[in-house]
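Student: Sharing a structure below in structure tokens format, with a few things to ask.
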Amino acid sequence: SGVISEVIPGLVFSLPVFTMDFCELVMQEIRNFYASKLPARRPNSMNNYGIILNEIGLESFIFDIQDAIIQPLAAILLPDEGSELESHHSFTIRYKGGEDTHLDVHTDDSDVTFNVNIFGNYSGAPLVFCGLVGEPDHRLFRTAYQHELGYAVLHRGRHRHGAEDITSGERMNLVIWSYSHNFRSSSLSQKKHQKEARPPDARCVSYTHDRDFGKFRTWPKGKKERFLGRGWCPPRGKE
């Protein structure tokens, strides 16, 4: 029908899912929580200003999205991981000057990731996609995707990606990590690392995960002291 676009053929997909009015309704809920000053656990170690949606009363809403949108799409587009999704971890990500301005390239702790832009008055912050973890092109640049309000990106959790620096304004995204017990119990989920096809592209190296980051990029301020010596990728002998 032309509704679904292939950002990377067979791997990453984009489609409109929320109207502008619906995005504003979701944002009202999130703003109300921020205004309440209630304590909030952060979604993960790379996200300092997001909110776990299950913990602010939106769990049933997220399950509805998973059942009505993510599951039927994933079963067709990403059938190995997405044929039977039964649980999730859902949260927001906020990019803003003086806060989190980017997200280092990484893979998600999910089987299928659904990422929709719900607020955008900003410039910069493209979503960079590289290769799949363990594949020869794991750290090779594939494309950069620019979020649009109300549009979602759907991809495997093991697809390396990251958000580059926001240059002005603020962006908010709603992210749903979906899990499949059947996939995680199968041999398909076992990670096998192949030798890299060639040296990595600079946009696809990670200061959080890559032990050779400094060979290809200058360390961001404050990151070398925190992460040098902690990287694991690529496994030794797979460079």
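Ordering of the structure tokens sets the chain letters (A, B, ...), residue numbers begin anew at 1 in every chain, and ligands are numbered from 1 in the order given.
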Can you pull out every residue within 12 Å of A:Leu73, counting only C-alpha atoms, but drop anything in the same chain fewer than 3 positions away, and send it as a PyMOL selection string?
Tutor: chain A and resi 3-4+12-15+17+65-70+76-79+81-85+112-114+152-155
Student: May I have the residues within 10 Å of A:Lys238 as a list of chain:residue names, using only C-alpha atoms and disregarding those fewer than 2 positions away in the same chain?
Tutor: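 In the requested form, the answer reads A:Gly134, A:Pro136, A:His193, A:Gln194, A:Lys195, A:Glu196, A:Ala197, A:Cys233, A:Pro234, A:Pro235, A:Arg236.
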Student: Those residues you just picked out, can you put them in a file as an mmCIF file, in the first residue's frame with N, CA and C atoms?
Tutor:
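Below you can see again-v1.cif, which holds the result:
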```
data_model
loop_
_atom_site.group_PDB
_atom_site.id
_atom_site.type_symbol
_atom_site.label_atom_id
_atom_site.label_comp_id
_atom_site.auth_asym_id
_atom_site.auth_seq_id
_atom_site.Cartn_x
_atom_site.Cartn_y
_atom_site.Cartn_z
ATOM 1 N N GLY A 134 27.536 -8.977 15.351
ATOM 2 C CA GLY A 134 28.113 -10.259 14.966
ATOM 3 C C GLY A 134 28.337 -10.429 13.486
ATOM 4 N N PRO A 136 29.682 -9.252 9.597
ATOM 5 C CA PRO A 136 30.891 -8.564 9.130
ATOM 6 C C PRO A 136 30.724 -7.053 8.984
ATOM 7 N N HIS A 193 29.899 -14.226 16.338
ATOM 8 C CA HIS A 193 30.631 -13.075 15.820
ATOM 9 C C HIS A 193 31.541 -13.481 14.671
ATOM 10 N N GLN A 194 31.329 -12.858 13.521
ATOM 11 C CA GLN A 194 32.179 -13.076 12.364
ATOM 12 C C GLN A 194 33.246 -11.989 12.294
ATOM 13 N N LYS A 195 34.288 -12.271 11.575
ATOM 14 C CA LYS A 195 35.371 -11.299 11.410
ATOM 15 C C LYS A 195 34.857 -10.083 10.645
ATOM 16 N N GLU A 196 35.279 -8.909 11.083
ATOM 17 C CA GLU A 196 34.806 -7.678 10.450
ATOM 18 C C GLU A 196 35.288 -7.595 9.004
ATOM 19 N N ALA A 197 34.422 -7.074 8.137
ATOM 20 C CA ALA A 197 34.721 -6.999 6.708
ATOM 21 C C ALA A 197 35.858 -6.041 6.416
ATOM 22 N N CYS A 233 33.818 -4.892 22.236
ATOM 23 C CA CYS A 233 33.618 -5.077 20.799
ATOM 24 C C CYS A 233 34.753 -4.424 20.006
ATOM 25 N N PRO A 234 35.234 -5.094 18.946
ATOM 26 C CA PRO A 234 34.887 -6.460 18.551
ATOM 27 C C PRO A 234 35.584 -7.471 19.435
ATOM 28 N N PRO A 235 35.033 -8.688 19.531
ATOM 29 C CA PRO A 235 35.751 -9.726 20.289
ATOM 30 C C PRO A 235 37.164 -9.898 19.724
ATOM 31 N N ARG A 236 38.102 -10.212 20.566
ATOM 32 C CA ARG A 236 39.493 -10.332 20.127
ATOM 33 C C ARG A 236 39.612 -11.414 19.026
#
```
Student: Give me, as JSON, numbers by chain, all polymer residues having an atom no more than 9 Å from stretch 34-41 of chain A, counting only C-alpha atoms and skipping those fewer than 6 positions away in the same chain.
Tutor: {"A": [50, 51, 52, 55, 56]}
Student: Considering only C-alpha atoms, can you say which of A:Pro126, A:Arg158, A:Phe216, A:Ile176 comes closest to A:Gln190?
Tutor: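 Answer, going by the shortest atom-to-atom distance: A:Arg158.
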Student: For A:Ser87, work out the shell of residues within 9 Å, counting only C-alpha atoms and skipping chain neighbours fewer than 5 positions away, then give it as a list in words.
Tutor: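 Residues meeting the cut-off are Phe63, Gln66, Trp177, Ser178, Tyr179, Ser180 and His181 of chain A.
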Student: What parts of stretch 11-191 of chain A does DSSP call alpha helix (DSSP H)? I'd like the answer as an mmCIF file with C-alpha atoms, in the first residue's frame.
Tutor:
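Just written: states.cif:
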```
data_model
loop_
_atom_site.group_PDB
_atom_site.id
_atom_site.type_symbol
_atom_site.label_atom_id
_atom_site.label_comp_id
_atom_site.auth_asym_id
_atom_site.auth_seq_id
_atom_site.Cartn_x
_atom_site.Cartn_y
_atom_site.Cartn_z
ATOM 1 C CA MET A 20 -0.452 14.956 15.784
ATOM 2 C CA ASP A 21 -3.339 15.220 18.265
ATOM 3 C CA PHE A 22 -2.556 11.799 19.714
ATOM 4 C CA CYS A 23 1.121 12.696 20.099
ATOM 5 C CA GLU A 24 0.053 15.781 22.066
ATOM 6 C CA LEU A 25 -2.165 13.666 24.348
ATOM 7 C CA VAL A 26 0.765 11.361 25.151
ATOM 8 C CA MET A 27 3.002 14.371 25.746
ATOM 9 C CA GLN A 28 0.443 15.840 28.163
ATOM 10 C CA GLU A 29 0.645 12.668 30.252
ATOM 11 C CA ILE A 30 4.437 12.835 30.282
ATOM 12 C CA ARG A 31 4.512 16.560 31.115
ATOM 13 C CA ASN A 32 2.061 15.972 33.967
ATOM 14 C CA PHE A 33 4.392 13.372 35.415
ATOM 15 C CA TYR A 34 7.424 15.657 35.143
ATOM 16 C CA ALA A 35 5.425 18.431 36.834
ATOM 17 C CA SER A 36 4.471 16.118 39.707
ATOM 18 C CA GLU A 59 1.273 -0.333 30.884
ATOM 19 C CA SER A 60 -2.118 -1.323 29.434
ATOM 20 C CA PHE A 61 -1.783 1.414 26.791
ATOM 21 C CA ILE A 62 1.598 0.009 25.738
ATOM 22 C CA PHE A 63 0.246 -3.550 25.593
ATOM 23 C CA ASP A 64 -2.515 -2.253 23.297
ATOM 24 C CA ILE A 65 0.115 -0.775 20.967
ATOM 25 C CA GLN A 71 2.937 -7.738 16.792
ATOM 26 C CA PRO A 72 1.200 -7.960 13.394
ATOM 27 C CA LEU A 73 3.930 -5.908 11.709
ATOM 28 C CA ALA A 74 6.825 -7.751 13.327
ATOM 29 C CA ALA A 75 5.315 -11.147 12.476
ATOM 30 C CA ILE A 76 5.493 -10.227 8.784
ATOM 31 C CA LEU A 77 8.536 -7.956 8.575
ATOM 32 C CA PRO A 79 9.347 -13.068 11.537
ATOM 33 C CA ASP A 80 12.240 -14.768 13.350
ATOM 34 C CA GLU A 81 12.155 -12.345 16.275
ATOM 35 C CA GLY A 82 8.611 -11.040 15.972
ATOM 36 C CA HIS A 181 10.463 -16.153 24.743
ATOM 37 C CA ASN A 182 10.331 -18.536 21.794
ATOM 38 C CA PHE A 183 12.997 -16.608 19.887
ATOM 39 C CA ARG A 184 15.252 -16.301 22.934
#
```
Student: Counting only C-alpha atoms, what is within 6 Å of A:Val116, bar same-chain residues fewer than 4 positions away, as a list in words?
Tutor: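 After dropping sequence-adjacent residues, the list is Tyr151, Ala152, Asn173 and Leu174 of chain A.
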Student: Can you write out as CSV which residues of stretch 182-229 of chain A fall within 10 Å of stretch 159-171 of chain A, alongside each residue's closest atom pair and its distance in Å to one decimal, counting only C-alpha atoms and ordering rows by chain and ascending residue number?
Tutor:
```
residue,atom,partner,partner_atom,distance
A:Arg203,CA,A:Glu164,CA,8.7
A:Cys204,CA,A:His161,CA,7.6
A:Val205,CA,A:Arg160,CA,9.6
A:Ser206,CA,A:Gly162,CA,9.0
```
Student: Create the file for the chosen residues now, containing all heavy atoms and written as a PDB file, in the first residue's frame.
Tutor:
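Output (out_21.pdb):
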```pdb
ATOM      1  N   ARG A 203      31.216   6.821  12.167  1.00  0.00           N
ATOM      2  CA  ARG A 203      29.880   7.070  12.717  1.00  0.00           C
ATOM      3  C   ARG A 203      29.323   5.840  13.438  1.00  0.00           C
ATOM      4  O   ARG A 203      28.305   5.943  14.125  1.00  0.00           O
ATOM      5  CB  ARG A 203      28.915   7.499  11.605  1.00  0.00           C
ATOM      6  CG  ARG A 203      29.278   8.818  10.966  1.00  0.00           C
ATOM      7  CD  ARG A 203      28.349   9.168   9.822  1.00  0.00           C
ATOM      8  NE  ARG A 203      27.115   9.808  10.269  1.00  0.00           N
ATOM      9  CZ  ARG A 203      26.186  10.284   9.445  1.00  0.00           C
ATOM     10  NH1 ARG A 203      26.336  10.147   8.126  1.00  0.00           N
ATOM     11  NH2 ARG A 203      25.090  10.860   9.926  1.00  0.00           N
ATOM     12  N   CYS A 204      29.995   4.709  13.283  1.00  0.00           N
ATOM     13  CA  CYS A 204      29.466   3.468  13.846  1.00  0.00           C
ATOM     14  C   CYS A 204      30.313   2.896  14.974  1.00  0.00           C
ATOM     15  O   CYS A 204      30.062   1.778  15.421  1.00  0.00           O
ATOM     16  CB  CYS A 204      29.304   2.421  12.741  1.00  0.00           C
ATOM     17  SG  CYS A 204      27.971   2.810  11.584  1.00  0.00           S
ATOM     18  N   VAL A 205      31.308   3.647  15.448  1.00  0.00           N
ATOM     19  CA  VAL A 205      32.074   3.171  16.598  1.00  0.00           C
ATOM     20  C   VAL A 205      31.477   3.749  17.876  1.00  0.00           C
ATOM     21  O   VAL A 205      30.938   4.856  17.881  1.00  0.00           O
ATOM     22  CB  VAL A 205      33.577   3.501  16.488  1.00  0.00           C
ATOM     23  CG1 VAL A 205      34.206   2.693  15.382  1.00  0.00           C
ATOM     24  CG2 VAL A 205      33.810   4.981  16.291  1.00  0.00           C
ATOM     25  N   SER A 206      31.582   2.992  18.950  1.00  0.00           N
ATOM     26  CA  SER A 206      30.922   3.309  20.211  1.00  0.00           C
ATOM     27  C   SER A 206      31.935   3.502  21.325  1.00  0.00           C
ATOM     28  O   SER A 206      32.758   2.619  21.573  1.00  0.00           O
ATOM     29  CB  SER A 206      29.962   2.167  20.583  1.00  0.00           C
ATOM     30  OG  SER A 206      29.569   2.243  21.935  1.00  0.00           O
TER      31      SER A 206
END
```
Student: So that I can check the surroundings of A:Arg226, please list as a list in words every protein, DNA and RNA residue that reaches within 10 Å of it, counting only C-alpha atoms and ignoring chain neighbours fewer than 3 positions away.
Tutor: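 Residues meeting the cut-off are Tyr207, Thr208, Gly222, Lys223, Gly229 and Arg230 of chain A.
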Student: Using only C-alpha atoms for the distances, tell me which of A:Arg42, A:Arg94, A:His88, A:His138 is nearest to A:Asp210.
Tutor: A:His138
Student: Would you list, as a ChimeraX atom specification, the residues of stretch 120-235 of chain A that end up in strand (DSSP E or B) under DSSP run on this structure's backbone?
Tutor: /A:120-124,127-132,143-145,149,151-156,159-163,166-179,210,233
Student: So, with only C-alpha atoms as the atoms that count, which of A:Ala144, A:Leu228, A:Leu127, A:Leu132 lies closest to A:Asp104?
Tutor: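 Closest to A:Asp104, using only C-alpha atoms: A:Leu127.
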